[in-house]
$ cat my_file.cif   # mmCIF, C-alpha atoms
data_run
loop_
_atom_site.group_PDB
_atom_site.id
_atom_site.type_symbol
_atom_site.label_atom_id
_atom_site.label_comp_id
_atom_site.auth_asym_id
_atom_site.auth_seq_id
_atom_site.Cartn_x
_atom_site.Cartn_y
_atom_site.Cartn_z
ATOM 1 C CA MET A 1 70.567 -48.794 4.086
ATOM 2 C CA ALA A 2 70.627 -49.035 7.858
ATOM 3 C CA ARG A 3 68.885 -51.964 9.475
ATOM 4 C CA ARG A 4 67.570 -52.339 13.005
ATOM 5 C CA ASN A 5 68.427 -55.499 14.904
ATOM 6 C CA ARG A 6 66.452 -56.986 17.785
ATOM 7 C CA ASP A 7 68.031 -54.535 20.226
ATOM 8 C CA ASP A 8 66.969 -51.588 18.017
ATOM 9 C CA ASP A 9 70.602 -50.581 17.482
ATOM 10 C CA LEU A 10 71.383 -49.234 14.039
ATOM 11 C CA LEU A 11 73.745 -51.505 12.156
ATOM 12 C CA LEU A 12 75.057 -51.243 8.644
ATOM 13 C CA GLU A 13 74.974 -54.576 6.862
ATOM 14 C CA GLU A 14 78.434 -55.863 5.897
ATOM 15 C CA ASP A 15 77.674 -55.900 2.177
ATOM 16 C CA GLU A 16 76.191 -52.383 2.349
ATOM 17 C CA LEU A 17 79.289 -51.132 4.145
ATOM 18 C CA THR A 18 81.478 -52.722 1.487
ATOM 19 C CA ALA A 19 79.318 -51.174 -1.255
ATOM 20 C CA ALA A 20 79.698 -47.742 0.349
ATOM 21 C CA PHE A 21 83.474 -47.861 -0.161
ATOM 22 C CA LEU A 22 83.767 -49.787 -3.433
ATOM 23 C CA GLY A 23 82.389 -49.144 -6.885
ATOM 24 C CA ASP A 24 79.997 -51.640 -8.433
ATOM 25 C CA ASP A 25 82.824 -53.163 -10.476
ATOM 26 C CA ASP A 26 84.921 -53.759 -7.358
ATOM 27 C CA LEU A 27 82.129 -55.324 -5.310
ATOM 28 C CA THR A 28 82.384 -59.060 -4.715
ATOM 29 C CA VAL A 29 80.209 -60.102 -1.799
ATOM 30 C CA PRO A 30 79.830 -63.719 -0.646
ATOM 31 C CA THR A 31 76.311 -65.112 -0.806
ATOM 32 C CA GLU A 32 76.299 -65.771 2.931
ATOM 33 C CA THR A 33 77.211 -62.720 5.014
ATOM 34 C CA ASN A 34 78.636 -64.873 7.817
ATOM 35 C CA GLN A 35 81.264 -66.417 5.529
ATOM 36 C CA PRO A 36 84.615 -64.618 5.658
ATOM 37 C CA GLN A 37 85.751 -62.994 2.455
ATOM 38 C CA ALA A 38 89.204 -64.015 1.306
ATOM 39 C CA SER A 39 91.707 -61.189 0.966
ATOM 40 C CA PRO A 40 93.430 -61.025 -2.386
ATOM 41 C CA THR A 41 97.045 -62.072 -2.393
ATOM 42 C CA THR A 42 99.649 -59.928 -4.054
ATOM 43 C CA ASP A 43 99.583 -62.382 -6.993
ATOM 44 C CA GLU A 44 95.871 -61.628 -7.599
ATOM 45 C CA TRP A 45 96.314 -57.843 -7.719
ATOM 46 C CA ASP A 46 96.917 -56.323 -11.099
ATOM 47 C CA GLU A 47 99.931 -54.168 -10.360
ATOM 48 C CA ASP A 48 99.966 -52.844 -13.935
ATOM 49 C CA ASP A 49 96.729 -50.889 -13.430
ATOM 50 C CA THR A 50 97.444 -47.318 -14.452
ATOM 51 C CA VAL A 51 93.991 -45.908 -13.756
ATOM 52 C CA PRO A 52 94.467 -42.923 -11.436
ATOM 53 C CA GLY A 53 92.538 -42.775 -8.174
ATOM 54 C CA GLN A 54 89.736 -40.268 -7.786
ATOM 55 C CA LEU A 55 90.136 -37.335 -5.425
ATOM 56 C CA ALA A 56 87.217 -36.434 -3.137
ATOM 57 C CA VAL A 57 86.363 -32.718 -3.136
ATOM 58 C CA ASP A 58 84.011 -30.197 -1.539
ATOM 59 C CA VAL A 59 82.831 -27.303 -3.719
ATOM 60 C CA TYR A 60 81.011 -24.315 -2.211
ATOM 61 C CA GLU A 61 80.562 -20.607 -2.737
ATOM 62 C CA THR A 62 80.616 -17.494 -0.615
ATOM 63 C CA ARG A 63 79.308 -14.105 -1.686
ATOM 64 C CA GLU A 64 82.576 -13.265 -3.474
ATOM 65 C CA LYS A 65 84.346 -16.589 -4.117
ATOM 66 C CA LEU A 66 83.976 -20.168 -5.317
ATOM 67 C CA VAL A 67 86.000 -22.574 -3.160
ATOM 68 C CA VAL A 68 87.180 -26.125 -3.887
ATOM 69 C CA LYS A 69 88.672 -28.155 -1.029
ATOM 70 C CA ALA A 70 90.356 -31.548 -1.358
ATOM 71 C CA ARG A 71 91.997 -33.833 1.203
ATOM 72 C CA THR A 72 95.527 -34.357 -0.005
ATOM 73 C CA ALA A 73 97.221 -35.555 3.190
ATOM 74 C CA GLY A 74 100.670 -36.944 2.489
ATOM 75 C CA VAL A 75 101.028 -35.174 -0.869
ATOM 76 C CA ASN A 76 103.903 -32.750 -1.302
ATOM 77 C CA LYS A 77 102.893 -29.472 -2.977
ATOM 78 C CA HIS A 78 105.549 -30.127 -5.630
ATOM 79 C CA ASP A 79 103.687 -33.349 -6.536
ATOM 80 C CA LEU A 80 100.441 -31.442 -7.254
ATOM 81 C CA ASP A 81 99.366 -30.113 -10.649
ATOM 82 C CA VAL A 82 96.397 -27.730 -10.569
ATOM 83 C CA SER A 83 95.073 -26.246 -13.822
ATOM 84 C CA ILE A 84 91.966 -24.570 -15.210
ATOM 85 C CA SER A 85 90.652 -24.521 -18.760
ATOM 86 C CA ASP A 86 87.197 -23.652 -20.107
ATOM 87 C CA ASN A 87 85.753 -23.348 -16.573
ATOM 88 C CA GLN A 88 86.987 -26.857 -15.674
ATOM 89 C CA LEU A 89 89.389 -27.388 -12.785
ATOM 90 C CA THR A 90 91.822 -30.322 -12.899
ATOM 91 C CA ILE A 91 93.792 -31.506 -9.882
ATOM 92 C CA ARG A 92 96.451 -34.186 -10.408
ATOM 93 C CA GLY A 93 99.055 -35.554 -8.081
ATOM 94 C CA THR A 94 100.940 -38.500 -6.712
ATOM 95 C CA LEU A 95 100.672 -40.001 -3.265
ATOM 96 C CA SER A 96 103.794 -41.992 -2.579
ATOM 97 C CA ALA A 97 103.961 -44.423 0.339
ATOM 98 C CA GLY A 98 107.664 -45.013 0.162
ATOM 99 C CA LEU A 99 109.096 -48.484 -0.170
ATOM 100 C CA GLU A 100 108.663 -50.882 2.730
ATOM 101 C CA GLU A 101 111.686 -53.160 2.922
ATOM 102 C CA GLY A 102 111.264 -56.834 3.716
ATOM 103 C CA VAL A 103 107.493 -57.010 3.129
ATOM 104 C CA GLU A 104 106.562 -60.490 1.947
ATOM 105 C CA ASN A 105 102.778 -60.268 2.076
ATOM 106 C CA TYR A 106 100.157 -57.644 2.911
ATOM 107 C CA PHE A 107 97.229 -58.910 4.960
ATOM 108 C CA LEU A 108 95.255 -55.719 4.435
ATOM 109 C CA GLN A 109 96.014 -52.829 2.110
ATOM 110 C CA GLU A 110 93.316 -50.158 2.049
ATOM 111 C CA CYS A 111 95.344 -46.995 1.564
ATOM 112 C CA TYR A 112 95.567 -45.703 -1.978
ATOM 113 C CA TRP A 113 99.102 -44.975 -3.168
ATOM 114 C CA GLY A 114 99.884 -43.663 -6.592
ATOM 115 C CA GLU A 115 98.530 -41.148 -9.054
ATOM 116 C CA PHE A 116 95.183 -39.428 -8.590
ATOM 117 C CA SER A 117 93.254 -37.042 -10.789
ATOM 118 C CA ARG A 118 89.980 -35.138 -10.662
ATOM 119 C CA THR A 119 88.385 -32.776 -13.174
ATOM 120 C CA ILE A 120 85.453 -30.657 -12.027
ATOM 121 C CA ALA A 121 83.155 -28.497 -14.139
ATOM 122 C CA LEU A 122 82.896 -25.348 -12.054
ATOM 123 C CA PRO A 123 79.242 -24.512 -11.282
ATOM 124 C CA VAL A 124 79.609 -20.743 -11.711
ATOM 125 C CA PRO A 125 81.764 -18.553 -13.967
ATOM 126 C CA VAL A 126 85.059 -17.577 -12.302
ATOM 127 C CA LYS A 127 87.768 -15.020 -12.924
ATOM 128 C CA GLU A 128 90.682 -17.149 -14.076
ATOM 129 C CA GLU A 129 93.131 -14.404 -13.133
ATOM 130 C CA GLU A 130 91.904 -14.439 -9.491
ATOM 131 C CA ILE A 131 92.861 -17.911 -8.290
ATOM 132 C CA GLU A 132 94.625 -18.840 -5.078
ATOM 133 C CA ALA A 133 95.721 -22.381 -4.193
ATOM 134 C CA VAL A 134 96.957 -23.184 -0.675
ATOM 135 C CA LEU A 135 98.076 -26.541 0.736
ATOM 136 C CA LYS A 136 97.857 -26.544 4.532
ATOM 137 C CA ASP A 137 97.562 -29.426 7.003
ATOM 138 C CA GLY A 138 96.825 -31.928 4.229
ATOM 139 C CA VAL A 139 93.968 -29.885 2.712
ATOM 140 C CA LEU A 140 94.254 -28.233 -0.703
ATOM 141 C CA THR A 141 92.050 -25.128 -0.860
ATOM 142 C CA ILE A 142 91.534 -23.424 -4.213
ATOM 143 C CA SER A 143 89.645 -20.100 -4.213
ATOM 144 C CA PHE A 144 88.336 -18.353 -7.317
ATOM 145 C CA GLY A 145 86.931 -14.854 -7.696
ATOM 146 C CA LYS A 146 83.414 -15.165 -9.122
ATOM 147 C CA VAL A 147 82.251 -13.288 -12.195
ATOM 148 C CA LYS A 148 79.497 -10.960 -11.074
ATOM 149 C CA GLN A 149 76.154 -11.907 -12.580
ATOM 150 C CA ASP A 150 74.204 -9.055 -10.948
ATOM 151 C CA THR A 151 73.691 -6.968 -14.046
ATOM 152 C CA ILE A 152 71.550 -8.199 -16.889
ATOM 153 C CA LYS A 153 72.712 -7.192 -20.334
ATOM 154 C CA LYS A 154 69.911 -6.586 -22.793
ATOM 155 C CA ILE A 155 70.535 -8.131 -26.200
ATOM 156 C CA GLN A 156 68.810 -6.589 -29.170
ATOM 157 C CA VAL A 157 67.284 -9.125 -31.551
ATOM 158 C CA LEU A 158 67.874 -8.239 -35.204
#
$ encode --input "my_file.cif" --output "structure tokens"
Amino acid sequence: MARRNRDDDLLLEEDELTAAFLGDDDLTVPTETNQPQASPTTDEWDEDDTVPGQLAVDVYETREKLVVKARTAGVNKHDLDVSISDNQLTIRGTLSAGLEEGVENYFLQECYWGEFSRTIALPVPVKEEEIEAVLKDGVLTISFGKVKQDTIKKIQVL
């Protein structure tokens, strides 16, 4: 993705940078990269979209636990819904920006405000009764006790 210019500095092409932050459906790149791209006006945005945003997560394990971390800066813990069912973790919430009075037009609006949701199939079996969820400094950390897989149970074939 990175390209070298004449000075051998690494540069990310404008359309590649845009593609890194937008899904394929959202990507509209002008044919000439030196032409400015028009920002959508508030009239062009579909304000009735009810598709929740997707939450970015990190999932890792230690010897004893499975840990899921998610950046949830600006979300109140009372606006979070965390649940588990059939070894699938679901995190839902709402990120509210508050109302800005007197705004007539946004020139740039990149921050996501509204509902978000993420469901993750957990990669290892966990003990559903050993779950701890902590929201600290804008990071939601969910820790699960892992089901020990050390012993192999022999199954007799009939």
$ residues_around --input "my_file.cif" --residues "A:Val75" --least-positions-apart "3" --cutoff "10 Å" --atoms "all atoms listed in the file" --output "JSON list (two decimals) with C-alpha atoms, in the frame of the given file"
[["chain", "number", "residue", "atom", "x", "y", "z"],
["A", 71, "ARG", "CA", 92.00, -33.83, 1.20],
["A", 72, "THR", "CA", 95.53, -34.36, 0.00],
["A", 78, "HIS", "CA", 105.55, -30.13, -5.63],
["A", 79, "ASP", "CA", 103.69, -33.35, -6.54],
["A", 80, "LEU", "CA", 100.44, -31.44, -7.25],
["A", 93, "GLY", "CA", 99.06, -35.55, -8.08],
["A", 94, "THR", "CA", 100.94, -38.50, -6.71],
["A", 95, "LEU", "CA", 100.67, -40.00, -3.26],
["A", 96, "SER", "CA", 103.79, -41.99, -2.58],
["A", 97, "ALA", "CA", 103.96, -44.42, 0.34],
["A", 135, "LEU", "CA", 98.08, -26.54, 0.74],
["A", 138, "GLY", "CA", 96.82, -31.93, 4.23],
["A", 139, "VAL", "CA", 93.97, -29.88, 2.71],
["A", 140, "LEU", "CA", 94.25, -28.23, -0.70]]
$ axis_aligned_box --input "my_file.cif" --around "stretch 132-142 of chain A" --padding-each-side "8 Å" --output "lines of an AutoDock Vina configuration file"
center_x = 94.8
center_y = -25.4
center_z = 1.0
size_x = 22.5
size_y = 29.1
size_z = 28.1
$ atom_distance --input "my_file.cif" --atom1 "atom CA of A:Thr119" --atom2 "atom CA of A:Glu132"
17.3 Å
$ atom_distance --input "my_file.cif" --atom1 "atom CA of A:Glu64" --atom2 "atom CA of A:Pro123"
14.1 Å
$ residues_around --input "my_file.cif" --residues "A:Ile131" --least-positions-apart "4" --cutoff "10 Å" --atoms "only C-alpha atoms" --output "ChimeraX atom specification"
/A:65-67,84,126-127,142-146
$ residues_around --input "my_file.cif" --residues "A:Val57" --least-positions-apart "5" --cutoff "9 Å" --atoms "all atoms listed in the file" --output "list in words"
Val68, Lys69, Ala70, Arg71 and Arg118 of chain A
